[in-house]
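S.K.: Following this message is one structure expressed as structure tokens.
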Amino acid sequence: MNQENPVIIPLKSGEVHFQDIIELDEGQLKKIKNVSLTKTQSQWLHKDTKGIEIPLTPEQKQAVLDFKNQVVEGLSAEQLIEGDFIDVPPHAIKRVNYRLEDQDPDEILTSKQLVKLAQAVIDSAEVKNAQWKGRGNLSYKFLSRYGDKSIEMSLVFEDAILIITIIVPRGGPAKKDPGFSLRDLARTTRKSKKSSPIRK
């Protein structure tokens, strides 16, 4: 069900060759192409740019889940980390720290925390939707658990490597929460103290 031949996605400047683990239908590709020309690739990849949500069919969701399961089949969470099957970029580390561990966003994740993330990838059993954001592939939102917390996490599949790009507790903080730097965290905390009529 993978996209066998690359599809050209035109951008404001240049183009992207799209090829992913599933094949998109004409309506899904049209949804991307209708707005892809409004930005350059660097603008699409900017952290503040909202991606294009791509609803998936039940068959596509199952194909994505099956692909993920094939990648992790027979591997433990520890083996996924030791074998570099999972890459956690800096912005995801900040969100794990702030949203899931209630600690300094700039802390380095411990091996125990990385194993918990890998286990969340293994245990994920539901695909919610997909998103396009200027790349040659999609990110897929999976539902899982991180310890005792229900989470949504976006995975990108590149050469059978799972890259965790966004991790959000279900029903938790919004995307624009202060999970990015100590300066943002301090600024938001000060605003909260000034505006809140209730002090706990």
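Identifiers for the structure tokens are assigned positionally: chains receive A, B, ... in sequence, residues are indexed from 1 per chain, and ligands are indexed from 1 in the order shown.
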Neighbours of Gln60 of chain A within 9 Å (only C-alpha atoms; same-chain residues fewer than 5 positions away dropped), as a VMD selection string?
M.R.: chain A and resid 1 22 to 24 65
S.K.: Give me, as a tab-separated table, the closest atom pair and its distance (Å, one decimal) for every residue of segment 17-81 of chain A within a cut-off of 8 Å of segment 121-145 of chain A, counting only C-alpha atoms, rows sorted by chain and rising number.
M.R.:
```
residue	atom	partner	partner_atom	distance
A:His17	CA	A:Gly136	CA	5.5
A:Phe18	CA	A:Gly136	CA	4.0
A:Gln19	CA	A:Asn137	CA	5.9
A:Asp20	CA	A:Asn137	CA	5.1
A:Ile32	CA	A:Trp132	CA	7.3
A:Ser36	CA	A:Gly134	CA	7.6
A:Gln41	CA	A:Gly134	CA	5.4
A:Ser42	CA	A:Gly134	CA	7.9
A:Trp44	CA	A:Gly134	CA	5.0
A:Leu45	CA	A:Gly134	CA	6.0
A:Lys50	CA	A:Lys133	CA	7.5
A:Gly51	CA	A:Lys133	CA	4.6
A:Ile52	CA	A:Trp132	CA	5.2
A:Glu53	CA	A:Gln131	CA	4.5
A:Ile54	CA	A:Ala130	CA	5.0
A:Pro55	CA	A:Asn129	CA	5.4
A:Leu56	CA	A:Asn129	CA	5.8
A:Lys61	CA	A:Val127	CA	5.6
A:Gln62	CA	A:Val127	CA	7.6
A:Val64	CA	A:Val127	CA	7.4
A:Leu65	CA	A:Val127	CA	6.6
A:Asn69	CA	A:Ile122	CA	7.3
A:Val72	CA	A:Ile122	CA	6.4
A:Ala77	CA	A:Ile122	CA	7.3
```
S.K.: Provide the atom CA of Ile21 of chain A to atom CA of Thr38 of chain A distance in Å, to one decimal place.
M.R.: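 Computing the Euclidean distance for atom CA of Ile21 of chain A and atom CA of Thr38 of chain A yields 25.6 Å.
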S.K.: From a DSSP pass on the backbone, collect the residues of segment 96-152 of chain A flagged as alpha helix (DSSP H) and hand them back as a PyMOL selection string.
M.R.: chain A and resi 111-123
S.K.: Of the candidates A:Glu101, A:Leu11, A:Asp84, A:Thr57, which one gets nearest to Gln28 of chain A if we count only C-alpha atoms?
M.R.: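 Checking each candidate against Gln28 of chain A, we get A:Thr57 as the closest.
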S.K.: Lys116 of chain A: which residues within 12 Å, counting only C-alpha atoms, same-chain residues fewer than 2 positions away excluded, as a VMD selection string?
M.R.: chain A and resid 76 to 78 80 to 81 86 96 100 to 101 109 to 114 118 to 123 144 to 149
S.K.: For each of A:Val156, A:Ala63, A:Val115, A:Leu37, take the minimum atom-to-atom distance to Glu15 of chain A, counting only C-alpha atoms, then give the residue where this is smallest.
M.R.: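 Selected residue with least distance to Glu15 of chain A: A:Leu37.
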